>>> print(open('my_file-v8.pdb').read())   # PDB, C-alpha atoms, pLDDT in the B column
ATOM      1  CA  MET A  27    -111.155  21.580 148.671  1.00 82.00           C
ATOM      2  CA  SER A  28    -112.909  20.995 145.350  1.00 87.00           C
ATOM      3  CA  GLN A  29    -114.438  17.635 144.465  1.00 95.00           C
ATOM      4  CA  ARG A  30    -114.190  15.943 141.103  1.00 97.00           C
ATOM      5  CA  THR A  31    -117.149  13.737 140.169  1.00 98.00           C
ATOM      6  CA  VAL A  32    -117.760  11.765 136.973  1.00 98.00           C
ATOM      7  CA  VAL A  33    -121.215  10.796 135.753  1.00 98.00           C
ATOM      8  CA  HIS A  34    -121.134   8.241 132.931  1.00 98.00           C
ATOM      9  CA  LEU A  35    -124.200   8.121 130.666  1.00 98.00           C
ATOM     10  CA  LEU A  36    -124.279   4.591 129.281  1.00 98.00           C
ATOM     11  CA  ARG A  37    -126.439   3.488 126.399  1.00 98.00           C
ATOM     12  CA  HIS A  38    -127.714  -0.074 126.860  1.00 98.00           C
ATOM     13  CA  GLY A  39    -126.368  -2.989 124.802  1.00 97.00           C
ATOM     14  CA  GLU A  40    -127.881  -4.663 121.764  1.00 96.00           C
ATOM     15  CA  VAL A  41    -131.507  -5.805 122.102  1.00 95.00           C
ATOM     16  CA  HIS A  42    -133.046  -9.019 120.788  1.00 95.00           C
ATOM     17  CA  ASN A  43    -135.527  -7.669 118.229  1.00 90.00           C
ATOM     18  CA  PRO A  44    -135.697  -9.912 115.149  1.00 87.00           C
ATOM     19  CA  GLU A  45    -138.930  -8.280 113.924  1.00 84.00           C
ATOM     20  CA  GLY A  46    -137.349  -4.836 113.769  1.00 84.00           C
ATOM     21  CA  VAL A  47    -140.030  -3.208 115.930  1.00 86.00           C
ATOM     22  CA  LEU A  48    -139.556   0.306 117.265  1.00 84.00           C
ATOM     23  CA  TYR A  49    -139.910  -0.963 120.829  1.00 87.00           C
ATOM     24  CA  GLY A  50    -139.520   2.348 122.665  1.00 86.00           C
ATOM     25  CA  ARG A  51    -140.936   1.986 126.170  1.00 90.00           C
ATOM     26  CA  LEU A  52    -142.625  -1.367 125.565  1.00 90.00           C
ATOM     27  CA  PRO A  53    -141.849  -4.033 128.166  1.00 91.00           C
ATOM     28  CA  GLY A  54    -140.394  -7.417 127.318  1.00 93.00           C
ATOM     29  CA  TYR A  55    -137.409  -6.370 125.200  1.00 95.00           C
ATOM     30  CA  HIS A  56    -134.234  -7.859 126.611  1.00 97.00           C
ATOM     31  CA  LEU A  57    -130.571  -7.803 125.655  1.00 97.00           C
ATOM     32  CA  SER A  58    -129.460 -10.233 122.974  1.00 96.00           C
ATOM     33  CA  ASP A  59    -126.576 -12.589 123.682  1.00 96.00           C
ATOM     34  CA  ARG A  60    -124.258 -10.044 122.081  1.00 96.00           C
ATOM     35  CA  GLY A  61    -125.858  -7.294 124.140  1.00 97.00           C
ATOM     36  CA  ARG A  62    -125.037  -9.199 127.321  1.00 98.00           C
ATOM     37  CA  ARG A  63    -121.433  -9.554 126.190  1.00 98.00           C
ATOM     38  CA  MET A  64    -121.394  -5.806 125.540  1.00 98.00           C
ATOM     39  CA  ALA A  65    -122.571  -5.179 129.109  1.00 98.00           C
ATOM     40  CA  ASP A  66    -119.811  -7.440 130.423  1.00 98.00           C
ATOM     41  CA  LEU A  67    -117.213  -5.524 128.394  1.00 98.00           C
ATOM     42  CA  VAL A  68    -118.395  -2.219 129.833  1.00 98.00           C
ATOM     43  CA  ALA A  69    -118.223  -3.679 133.343  1.00 98.00           C
ATOM     44  CA  GLU A  70    -114.668  -4.833 132.675  1.00 98.00           C
ATOM     45  CA  TYR A  71    -113.747  -1.409 131.258  1.00 98.00           C
ATOM     46  CA  LEU A  72    -115.056   0.323 134.389  1.00 98.00           C
ATOM     47  CA  LYS A  73    -113.602  -2.219 136.809  1.00 96.00           C
ATOM     48  CA  GLY A  74    -110.797   0.062 137.975  1.00 95.00           C
ATOM     49  CA  HIS A  75    -113.044   3.112 138.274  1.00 98.00           C
ATOM     50  CA  ASP A  76    -114.372   4.488 141.538  1.00 98.00           C
ATOM     51  CA  ILE A  77    -118.023   3.640 140.861  1.00 98.00           C
ATOM     52  CA  THR A  78    -120.237   4.199 143.901  1.00 98.00           C
ATOM     53  CA  THR A  79    -123.617   4.779 142.240  1.00 98.00           C
ATOM     54  CA  VAL A  80    -125.376   2.832 139.467  1.00 98.00           C
ATOM     55  CA  VAL A  81    -128.741   4.055 138.202  1.00 98.00           C
ATOM     56  CA  SER A  82    -130.864   2.548 135.434  1.00 98.00           C
ATOM     57  CA  SER A  83    -133.862   3.290 133.296  1.00 98.00           C
ATOM     58  CA  PRO A  84    -136.672   0.958 134.403  1.00 98.00           C
ATOM     59  CA  LEU A  85    -136.723  -0.840 131.040  1.00 97.00           C
ATOM     60  CA  GLU A  86    -135.338  -4.391 131.026  1.00 98.00           C
ATOM     61  CA  ARG A  87    -132.536  -3.789 128.537  1.00 98.00           C
ATOM     62  CA  ALA A  88    -131.126  -0.971 130.644  1.00 98.00           C
ATOM     63  CA  GLN A  89    -131.324  -2.911 133.911  1.00 98.00           C
ATOM     64  CA  GLU A  90    -129.592  -5.878 132.267  1.00 98.00           C
ATOM     65  CA  THR A  91    -126.801  -3.583 131.063  1.00 98.00           C
ATOM     66  CA  ALA A  92    -126.414  -2.086 134.534  1.00 98.00           C
ATOM     67  CA  ALA A  93    -126.303  -5.410 136.387  1.00 98.00           C
ATOM     68  CA  PRO A  94    -122.701  -6.531 135.735  1.00 98.00           C
ATOM     69  CA  ILE A  95    -121.365  -3.037 136.490  1.00 98.00           C
ATOM     70  CA  ALA A  96    -123.197  -2.908 139.807  1.00 98.00           C
ATOM     71  CA  ALA A  97    -122.030  -6.427 140.677  1.00 98.00           C
ATOM     72  CA  ALA A  98    -118.396  -5.555 139.933  1.00 98.00           C
ATOM     73  CA  HIS A  99    -118.548  -2.635 142.372  1.00 98.00           C
ATOM     74  CA  ASP A 100    -120.812  -4.274 144.960  1.00 98.00           C
ATOM     75  CA  VAL A 101    -123.534  -1.632 144.735  1.00 98.00           C
ATOM     76  CA  ALA A 102    -127.268  -1.896 144.178  1.00 98.00           C
ATOM     77  CA  VAL A 103    -128.917  -0.661 140.988  1.00 98.00           C
ATOM     78  CA  ARG A 104    -131.287   2.231 141.629  1.00 98.00           C
ATOM     79  CA  LEU A 105    -134.085   2.815 139.108  1.00 98.00           C
ATOM     80  CA  ASP A 106    -134.934   6.312 137.868  1.00 98.00           C
ATOM     81  CA  VAL A 107    -137.862   6.722 135.473  1.00 98.00           C
ATOM     82  CA  ARG A 108    -136.292   9.963 134.211  1.00 98.00           C
ATOM     83  CA  LEU A 109    -133.731   7.842 132.343  1.00 98.00           C
ATOM     84  CA  ILE A 110    -136.418   6.064 130.309  1.00 97.00           C
ATOM     85  CA  GLU A 111    -136.526   6.000 126.510  1.00 94.00           C
ATOM     86  CA  ALA A 112    -138.108   8.956 124.710  1.00 89.00           C
ATOM     87  CA  GLY A 113    -141.836   8.683 124.141  1.00 72.00           C
ATOM     88  CA  ASN A 114    -142.636   7.973 120.475  1.00 66.00           C
ATOM     89  CA  TYR A 115    -145.898   7.793 118.500  1.00 62.00           C
ATOM     90  CA  PHE A 116    -144.466   4.969 116.351  1.00 59.00           C
ATOM     91  CA  GLU A 117    -143.781   2.690 119.323  1.00 65.00           C
ATOM     92  CA  GLY A 118    -144.696  -0.911 118.528  1.00 66.00           C
ATOM     93  CA  MET A 119    -144.533  -0.378 114.778  1.00 64.00           C
ATOM     94  CA  THR A 120    -141.908  -1.106 112.174  1.00 65.00           C
ATOM     95  CA  PHE A 121    -140.504   2.183 110.966  1.00 56.00           C
ATOM     96  CA  GLY A 122    -139.627   2.720 107.331  1.00 51.00           C
ATOM     97  CA  VAL A 123    -140.912   3.706 103.915  1.00 43.00           C
ATOM     98  CA  GLY A 124    -141.121   0.253 102.298  1.00 44.00           C
ATOM     99  CA  ASP A 125    -143.477  -1.962 104.294  1.00 49.00           C
ATOM    100  CA  GLY A 126    -143.126   0.052 107.484  1.00 47.00           C
ATOM    101  CA  SER A 127    -145.402   2.599 109.130  1.00 47.00           C
ATOM    102  CA  LEU A 128    -144.364   5.472 106.857  1.00 48.00           C
ATOM    103  CA  ARG A 129    -146.242   3.949 103.925  1.00 51.00           C
ATOM    104  CA  HIS A 130    -149.538   4.828 105.647  1.00 47.00           C
ATOM    105  CA  PRO A 131    -150.717   8.435 105.017  1.00 47.00           C
ATOM    106  CA  GLY A 132    -152.458   8.504 108.377  1.00 49.00           C
ATOM    107  CA  HIS A 133    -149.055   8.603 110.056  1.00 42.00           C
ATOM    108  CA  TRP A 134    -147.617  11.427 107.951  1.00 39.00           C
ATOM    109  CA  PRO A 135    -148.887  14.306 110.160  1.00 46.00           C
ATOM    110  CA  LYS A 136    -146.658  12.961 112.929  1.00 44.00           C
ATOM    111  CA  MET A 137    -143.613  13.793 110.788  1.00 49.00           C
ATOM    112  CA  VAL A 138    -144.355  17.449 110.017  1.00 49.00           C
ATOM    113  CA  ASN A 139    -142.355  19.105 112.795  1.00 50.00           C
ATOM    114  CA  PRO A 140    -138.848  17.773 113.453  1.00 55.00           C
ATOM    115  CA  PHE A 141    -138.076  20.684 115.789  1.00 49.00           C
ATOM    116  CA  ARG A 142    -140.421  19.665 118.644  1.00 59.00           C
ATOM    117  CA  PRO A 143    -140.592  16.760 117.466  1.00 60.00           C
ATOM    118  CA  SER A 144    -144.170  16.068 116.340  1.00 48.00           C
ATOM    119  CA  TRP A 145    -143.770  12.268 116.607  1.00 53.00           C
ATOM    120  CA  GLY A 146    -143.056  12.133 120.306  1.00 76.00           C
ATOM    121  CA  GLU A 147    -141.782  13.589 123.567  1.00 85.00           C
ATOM    122  CA  PRO A 148    -140.485  17.179 123.247  1.00 89.00           C
ATOM    123  CA  TYR A 149    -136.692  17.479 123.190  1.00 91.00           C
ATOM    124  CA  GLU A 150    -136.682  20.079 125.970  1.00 94.00           C
ATOM    125  CA  GLN A 151    -138.660  17.743 128.211  1.00 94.00           C
ATOM    126  CA  ILE A 152    -136.196  14.905 127.589  1.00 96.00           C
ATOM    127  CA  ALA A 153    -133.254  17.201 128.327  1.00 97.00           C
ATOM    128  CA  ALA A 154    -134.818  18.459 131.555  1.00 97.00           C
ATOM    129  CA  ARG A 155    -135.522  15.014 132.988  1.00 97.00           C
ATOM    130  CA  MET A 156    -132.113  13.650 132.000  1.00 98.00           C
ATOM    131  CA  LEU A 157    -130.212  16.557 133.534  1.00 98.00           C
ATOM    132  CA  ALA A 158    -132.269  16.242 136.721  1.00 98.00           C
ATOM    133  CA  ALA A 159    -131.233  12.575 136.935  1.00 98.00           C
ATOM    134  CA  VAL A 160    -127.604  13.555 136.306  1.00 98.00           C
ATOM    135  CA  GLU A 161    -127.741  16.185 139.055  1.00 98.00           C
ATOM    136  CA  LEU A 162    -129.148  13.727 141.596  1.00 98.00           C
ATOM    137  CA  ALA A 163    -126.530  11.096 140.746  1.00 98.00           C
ATOM    138  CA  ARG A 164    -123.755  13.686 140.862  1.00 98.00           C
ATOM    139  CA  GLY A 165    -124.753  14.566 144.403  1.00 97.00           C
ATOM    140  CA  GLN A 166    -124.995  10.937 145.471  1.00 97.00           C
ATOM    141  CA  ALA A 167    -121.590  10.094 143.998  1.00 98.00           C
ATOM    142  CA  ALA A 168    -119.847  13.341 144.990  1.00 98.00           C
ATOM    143  CA  GLY A 169    -116.100  12.856 144.753  1.00 98.00           C
ATOM    144  CA  HIS A 170    -116.545   9.476 143.033  1.00 98.00           C
ATOM    145  CA  GLU A 171    -118.190   8.148 139.856  1.00 98.00           C
ATOM    146  CA  ALA A 172    -121.737   7.236 138.863  1.00 98.00           C
ATOM    147  CA  VAL A 173    -123.102   5.213 135.938  1.00 99.00           C
ATOM    148  CA  LEU A 174    -126.532   6.072 134.531  1.00 99.00           C
ATOM    149  CA  VAL A 175    -127.889   3.537 132.039  1.00 98.00           C
ATOM    150  CA  SER A 176    -130.301   5.041 129.542  1.00 98.00           C
ATOM    151  CA  HIS A 177    -131.098   5.040 125.819  1.00 97.00           C
ATOM    152  CA  GLN A 178    -129.669   6.601 122.695  1.00 95.00           C
ATOM    153  CA  SER A 179    -132.041   9.532 122.250  1.00 95.00           C
ATOM    154  CA  PRO A 180    -132.047  10.704 125.897  1.00 96.00           C
ATOM    155  CA  VAL A 181    -128.265  10.392 126.212  1.00 98.00           C
ATOM    156  CA  TRP A 182    -127.643  12.314 123.004  1.00 97.00           C
ATOM    157  CA  ILE A 183    -130.144  15.049 123.834  1.00 96.00           C
ATOM    158  CA  ALA A 184    -128.609  15.466 127.297  1.00 98.00           C
ATOM    159  CA  ARG A 185    -125.224  15.938 125.655  1.00 98.00           C
ATOM    160  CA  LEU A 186    -126.573  18.484 123.177  1.00 97.00           C
ATOM    161  CA  LYS A 187    -128.146  20.442 126.031  1.00 98.00           C
ATOM    162  CA  LEU A 188    -124.964  20.435 128.102  1.00 98.00           C
ATOM    163  CA  GLU A 189    -122.929  21.581 125.108  1.00 97.00           C
ATOM    164  CA  GLY A 190    -125.353  24.400 124.374  1.00 97.00           C
ATOM    165  CA  ARG A 191    -126.252  23.033 120.954  1.00 96.00           C
ATOM    166  CA  ARG A 192    -129.671  22.946 119.328  1.00 94.00           C
ATOM    167  CA  LEU A 193    -131.717  19.934 120.348  1.00 91.00           C
ATOM    168  CA  TRP A 194    -133.329  19.116 117.017  1.00 81.00           C
ATOM    169  CA  HIS A 195    -131.041  16.938 114.939  1.00 76.00           C
ATOM    170  CA  ASP A 196    -130.717  14.112 112.428  1.00 84.00           C
ATOM    171  CA  PRO A 197    -130.963  10.864 114.468  1.00 80.00           C
ATOM    172  CA  ARG A 198    -128.610   9.185 111.987  1.00 86.00           C
ATOM    173  CA  LYS A 199    -125.809  11.486 113.127  1.00 89.00           C
ATOM    174  CA  ARG A 200    -125.937  10.772 116.846  1.00 91.00           C
ATOM    175  CA  ARG A 201    -122.593   9.794 118.324  1.00 92.00           C
ATOM    176  CA  CYS A 202    -124.015   7.295 120.764  1.00 94.00           C
ATOM    177  CA  SER A 203    -123.398   3.706 119.698  1.00 95.00           C
ATOM    178  CA  LEU A 204    -124.582   0.641 121.584  1.00 96.00           C
ATOM    179  CA  ALA A 205    -122.975   0.271 125.037  1.00 98.00           C
ATOM    180  CA  SER A 206    -121.102   3.558 124.612  1.00 98.00           C
ATOM    181  CA  LEU A 207    -120.204   5.909 127.449  1.00 98.00           C
ATOM    182  CA  THR A 208    -120.742   9.656 127.411  1.00 98.00           C
ATOM    183  CA  SER A 209    -118.771  10.702 130.484  1.00 98.00           C
ATOM    184  CA  LEU A 210    -119.387  14.008 132.261  1.00 98.00           C
ATOM    185  CA  THR A 211    -116.593  15.266 134.512  1.00 98.00           C
ATOM    186  CA  PHE A 212    -117.525  17.864 137.121  1.00 98.00           C
ATOM    187  CA  GLU A 213    -115.441  19.910 139.501  1.00 97.00           C
ATOM    188  CA  ASP A 214    -117.927  20.745 142.238  1.00 96.00           C
ATOM    189  CA  ASP A 215    -120.865  22.215 140.272  1.00 94.00           C
ATOM    190  CA  ARG A 216    -118.889  23.045 137.138  1.00 97.00           C
ATOM    191  CA  LEU A 217    -118.848  20.763 134.099  1.00 98.00           C
ATOM    192  CA  LEU A 218    -115.222  20.404 133.022  1.00 98.00           C
ATOM    193  CA  ALA A 219    -115.387  17.914 130.146  1.00 98.00           C
ATOM    194  CA  ILE A 220    -117.559  15.589 128.116  1.00 98.00           C
ATOM    195  CA  ASP A 221    -115.785  12.475 126.843  1.00 98.00           C
ATOM    196  CA  PHE A 222    -116.965   9.599 124.667  1.00 98.00           C
ATOM    197  CA  SER A 223    -115.783   5.993 124.659  1.00 97.00           C
ATOM    198  CA  GLU A 224    -116.891   2.662 123.185  1.00 97.00           C
ATOM    199  CA  PRO A 225    -115.848  -0.215 125.461  1.00 97.00           C
ATOM    200  CA  ALA A 226    -117.807  -2.724 123.358  1.00 97.00           C
ATOM    201  CA  ALA A 227    -116.566  -1.570 119.948  1.00 95.00           C
ATOM    202  CA  SER A 228    -115.103  -4.999 119.238  1.00 94.00           C
ATOM    203  CA  LEU A 229    -118.620  -6.480 119.246  1.00 95.00           C
ATOM    204  CA  LEU A 230    -120.115  -3.928 116.908  1.00 84.00           C
ATOM    205  CA  PRO A 231    -118.413  -3.591 113.518  1.00 61.00           C
ATOM    206  CA  GLY A 232    -118.281   0.089 112.637  1.00 57.00           C
ATOM    207  CA  ALA A 233    -119.088   1.118 116.215  1.00 45.00           C
ATOM    208  CA  SER A 234    -116.934   4.218 115.886  1.00 40.00           C
ATOM    209  CA  LYS A 235    -119.373   5.348 113.218  1.00 39.00           C
ATOM    210  CA  VAL A 236    -122.902   6.519 113.866  1.00 36.00           C
ATOM    211  CA  VAL A 237    -125.344   3.811 114.933  1.00 35.00           C
ATOM    212  CA  GLY A 238    -129.020   4.600 114.571  1.00 34.00           C
ATOM    213  CA  ALA A 239    -131.323   2.305 116.550  1.00 37.00           C
TER     214      ALA A 239
END
>>> encode(input="my_file-v8.pdb", output="structure tokens")
Amino acid sequence: MSQRTVVHLLRHGEVHNPEGVLYGRLPGYHLSDRGRRMADLVAEYLKGHDITTVVSSPLERAQETAAPIAAAHDVAVRLDVRLIEAGNYFEGMTFGVGDGSLRHPGHWPKMVNPFRPSWGEPYEQIAARMLAAVELARGQAAGHEAVLVSHQSPVWIARLKLEGRRLWHDPRKRRCSLASLTSLTFEDDRLLAIDFSEPAASLLPGASKVVGA
């Protein structure tokens, strides 16, 4: 008999970042009050689902998003470094043309190749680690559902890879808003469907549109 398994890729909720820093993998960035409410809404949305596995990126904002989901289903949160944010040269800087890091010519060489990309971790490397994390969780939750809490870029690149699309893209056009779910449905080893939902849309005006950070 075939088994149907769902692996939900969840982007973390809103982060408290009043300085507008590209925080990347830096420690110490936690969910804002609204981000915590987003996490609670996702937990409520998934309350009736058969969640048996919850896995998180090791960064604080992801663990804080995972916590209410794990509590609702009485499971422990497992950490997987493969779900971490993409590596980025501009980490710790403000990013923009005005008074941000792009005004400095020394940074311009990092922008020359959007196909790799030249400013950070290669897209193929991100895709490989994300799909390995998905495969492990799919096995652990076989016949049930798993939630993997990660970050916008890794979730979107995993989706592009699974859909057979090119990995280089315009980050402004990612369909991966805060606290959104990209849900992968498998029948045994075969991917049947990729669905997208926004349980916390009510907390993010325009959440059905593209959100960049």
>>> resolve_selection(input="my_file-v8.pdb", expression="the PyMOL selection byres ((chain A and resi 77) around 7)", output="PyMOL selection string")
chain A and resi 75-76+78-79+99+170-172
>>> atom_distance(input="my_file-v8.pdb", atom1="atom CA of Phe212 of chain A", atom2="atom CA of Arg108 of chain A")
20.6 Å
>>> resolve_selection(input="my_file-v8.pdb", expression="the PyMOL selection byres ((chain A and resi 102) around 12)", output="PDB file with C-alpha atoms, keeping the file's coordinate frame")
ATOM      1  CA  ILE A  77    -118.023   3.640 140.861  1.00 98.00           C
ATOM      2  CA  THR A  78    -120.237   4.199 143.901  1.00 98.00           C
ATOM      3  CA  THR A  79    -123.617   4.779 142.240  1.00 98.00           C
ATOM      4  CA  VAL A  80    -125.376   2.832 139.467  1.00 98.00           C
ATOM      5  CA  VAL A  81    -128.741   4.055 138.202  1.00 98.00           C
ATOM      6  CA  SER A  82    -130.864   2.548 135.434  1.00 98.00           C
ATOM      7  CA  GLN A  89    -131.324  -2.911 133.911  1.00 98.00           C
ATOM      8  CA  ALA A  92    -126.414  -2.086 134.534  1.00 98.00           C
ATOM      9  CA  ALA A  93    -126.303  -5.410 136.387  1.00 98.00           C
ATOM     10  CA  PRO A  94    -122.701  -6.531 135.735  1.00 98.00           C
ATOM     11  CA  ILE A  95    -121.365  -3.037 136.490  1.00 98.00           C
ATOM     12  CA  ALA A  96    -123.197  -2.908 139.807  1.00 98.00           C
ATOM     13  CA  ALA A  97    -122.030  -6.427 140.677  1.00 98.00           C
ATOM     14  CA  ALA A  98    -118.396  -5.555 139.933  1.00 98.00           C
ATOM     15  CA  HIS A  99    -118.548  -2.635 142.372  1.00 98.00           C
ATOM     16  CA  ASP A 100    -120.812  -4.274 144.960  1.00 98.00           C
ATOM     17  CA  VAL A 101    -123.534  -1.632 144.735  1.00 98.00           C
ATOM     18  CA  VAL A 103    -128.917  -0.661 140.988  1.00 98.00           C
ATOM     19  CA  ARG A 104    -131.287   2.231 141.629  1.00 98.00           C
ATOM     20  CA  LEU A 105    -134.085   2.815 139.108  1.00 98.00           C
ATOM     21  CA  ALA A 172    -121.737   7.236 138.863  1.00 98.00           C
ATOM     22  CA  VAL A 173    -123.102   5.213 135.938  1.00 99.00           C
TER      23      VAL A 173
END
>>> atom_distance(input="my_file-v8.pdb", atom1="atom CA of Ala69 of chain A", atom2="atom CA of Leu210 of chain A")
17.8 Å
>>> resolve_selection(input="my_file-v8.pdb", expression="the PyMOL selection byres ((chain A and resi 110) around 10)", output="number ranges by chain")
A: 50-51, 82-85, 88, 105-109, 111-113, 152, 155-156, 175-177, 179-180
>>> atom_distance(input="my_file-v8.pdb", atom1="atom CA of His56 of chain A", atom2="atom CA of His42 of chain A")
6.1 Å
